[in-house]
Amino acid sequence: MIFLARRDNVELEAVVQLLGEDWLIAVTGGDRPHIGAAAIGIPHQGMECTVSGKSTASVFNIPGHRDGMVAEYFAKQISAEVQRNVVAVCGIHFNEFSVEKKELVLELSRNLCKDIIMYMNNR
């Protein structure tokens with residue numbers, strides 16, 4: 001399934017795939033989509049965890065890339081919400097970047113994540 005979020009000159013795309021009971025998400029956008037980071041989100045489950053709706057994530061950044069924050073957000077939010085393992089791969093690059101564009105990317109990422117969670121919960 002493909003999800004899009006756009007505003008002004010910024011567009012993000014998320015490709016979501018179910019792998020057995022786990023989810024794979026690729027979030028890309030900007031002038032040069034790529035792989036800049038990957039995060040794996042694992043929901044807290046079992047007797048040792050008394051808090052439901054939480055997860056933990058491990059993030060792997062390619063040196064020089066700053067995509068880990070978005071990858072971690074998707075992995076943690078989605079794994080906590082749907083209680084499944086989630087791998088999120090992220091690569092968003094803009095040739096001209098500003099604080100305003102960064103804030104817009106983060107807002108669009110949150111919107112995409114909400115849409116993805118709604119899709120997963122309604123399957």
# chains A, B, ... in the order shown; residues from 1 in each chain; ligands from 1
>>> residues_around(residues="A:His93", least_positions_apart="5", cutoff="10 Å", atoms="only C-alpha atoms", output="number ranges by chain")
A: 28-36, 65-67
>>> residues_around(residues="A:Leu12", least_positions_apart="6", cutoff="8 Å", atoms="only C-alpha atoms", output="PyMOL selection string")
chain A and resi 4-6+27-30+92+105+108-109
>>> write_last_selection(atoms="N, CA and C atoms", output="mmCIF file, in the first residue's frame")
data_model
loop_
_atom_site.group_PDB
_atom_site.id
_atom_site.type_symbol
_atom_site.label_atom_id
_atom_site.label_comp_id
_atom_site.auth_asym_id
_atom_site.auth_seq_id
_atom_site.Cartn_x
_atom_site.Cartn_y
_atom_site.Cartn_z
ATOM 1 N N LEU A 4 0.652 8.903 0.633
ATOM 2 C CA LEU A 4 1.305 10.158 0.258
ATOM 3 C C LEU A 4 0.859 11.272 1.188
ATOM 4 N N ALA A 5 1.794 12.169 1.466
ATOM 5 C CA ALA A 5 1.470 13.395 2.203
ATOM 6 C C ALA A 5 2.233 14.517 1.524
ATOM 7 N N ARG A 6 1.521 15.618 1.230
ATOM 8 C CA ARG A 6 2.209 16.726 0.573
ATOM 9 C C ARG A 6 1.604 18.049 0.984
ATOM 10 N N VAL A 27 9.860 5.094 3.963
ATOM 11 C CA VAL A 27 9.438 6.493 3.899
ATOM 12 C C VAL A 27 10.499 7.265 3.128
ATOM 13 N N THR A 28 10.105 7.873 2.017
ATOM 14 C CA THR A 28 11.047 8.613 1.188
ATOM 15 C C THR A 28 10.432 9.936 0.762
ATOM 16 N N GLY A 29 11.303 10.804 0.265
ATOM 17 C CA GLY A 29 10.804 12.073 -0.230
ATOM 18 C C GLY A 29 11.927 13.022 -0.563
ATOM 19 N N GLY A 30 11.529 14.178 -1.047
ATOM 20 C CA GLY A 30 12.494 15.211 -1.369
ATOM 21 C C GLY A 30 13.035 15.094 -2.769
ATOM 22 N N ILE A 92 15.031 10.880 3.189
ATOM 23 C CA ILE A 92 14.425 12.123 2.717
ATOM 24 C C ILE A 92 15.552 13.129 2.526
ATOM 25 N N VAL A 105 8.385 18.606 7.157
ATOM 26 C CA VAL A 105 8.664 17.169 7.001
ATOM 27 C C VAL A 105 8.202 16.407 8.240
ATOM 28 N N LEU A 108 4.330 16.318 8.238
ATOM 29 C CA LEU A 108 3.842 15.366 7.237
ATOM 30 C C LEU A 108 4.122 13.931 7.663
ATOM 31 N N SER A 109 5.252 13.709 8.316
ATOM 32 C CA SER A 109 5.584 12.371 8.821
ATOM 33 C C SER A 109 4.563 11.927 9.860
#
>>> closest_residue(among="A:Ala37, A:Ala26, A:Val99, A:Ala75", to="A:Ile117", atoms="only C-alpha atoms")
A:Ala75
>>> select_by_dssp(residues="chain A", states="helix (DSSP H, G or I)", output="count of residues only")
38
>>> closest_residue(among="A:Val86, A:Val16, A:Met69, A:Ile78", to="A:Cys113", atoms="only C-alpha atoms")
A:Ile78
>>> closest_residue(among="A:Val89, A:Leu104, A:Val82, A:Leu112", to="A:Glu13", atoms="only C-alpha atoms")
A:Leu112
>>> select_by_dssp(residues="stretch 19-118 of chain A", states="strand (DSSP E or B)", output="number ranges by chain")
A: 19, 22-30, 37-43, 55-61, 86-93
>>> atom_distance(atom1="atom CA of A:Leu106", atom2="atom CA of A:Ile40")
19.0 Å
>>> atom_distance(atom1="atom CA of A:Lys114", atom2="atom CA of A:Phe94")
23.4 Å
>>> residues_around(residues="A:Gly68", least_positions_apart="2", cutoff="10 Å", atoms="only C-alpha atoms", output="MDAnalysis selection string")
chainID A and resid 36:39 58:62 65:66 70:74 88:91
>>> write_last_selection(atoms="C-alpha atoms", output="short mmCIF file (atom, residue, chain, number, x, y, z; two decimals), in the first residue's frame")
data_model
loop_
_atom_site.label_atom_id
_atom_site.label_comp_id
_atom_site.auth_asym_id
_atom_site.auth_seq_id
_atom_site.Cartn_x
_atom_site.Cartn_y
_atom_site.Cartn_z
CA GLY A 36 19.54 6.99 5.10
CA ALA A 37 18.43 5.09 8.19
CA ALA A 38 16.55 2.04 9.36
CA ALA A 39 14.79 1.45 12.65
CA SER A 58 16.90 0.46 17.57
CA VAL A 59 18.09 2.89 14.91
CA PHE A 60 20.84 2.45 12.34
CA ASN A 61 21.97 5.59 10.50
CA ILE A 62 24.18 5.60 7.46
CA HIS A 65 22.55 10.96 7.21
CA ARG A 66 19.95 12.42 9.56
CA VAL A 70 11.85 9.89 11.22
CA ALA A 71 12.62 6.16 10.93
CA GLU A 72 12.54 5.79 14.73
CA TYR A 73 9.27 7.72 14.98
CA PHE A 74 7.54 5.42 12.49
CA ALA A 88 11.01 1.52 9.04
CA VAL A 89 13.49 2.59 6.38
CA CYS A 90 13.78 6.31 5.72
CA GLY A 91 15.52 8.52 3.18
#
>>> closest_residue(among="A:Leu18, A:Phe97, A:Arg7, A:Thr56", to="A:His44", atoms="only C-alpha atoms")
A:Thr56
>>> atom_distance(atom1="atom CA of A:Glu107", atom2="atom CA of A:Glu21")
28.0 Å
>>> closest_residue(among="A:Gly64, A:Glu96, A:Glu103, A:Pro43", to="A:Lys76", atoms="only C-alpha atoms")
A:Pro43
>>> closest_residue(among="A:Ser98, A:Asn121, A:Asn111, A:Ser79", to="A:Asp22", atoms="only C-alpha atoms")
A:Ser79
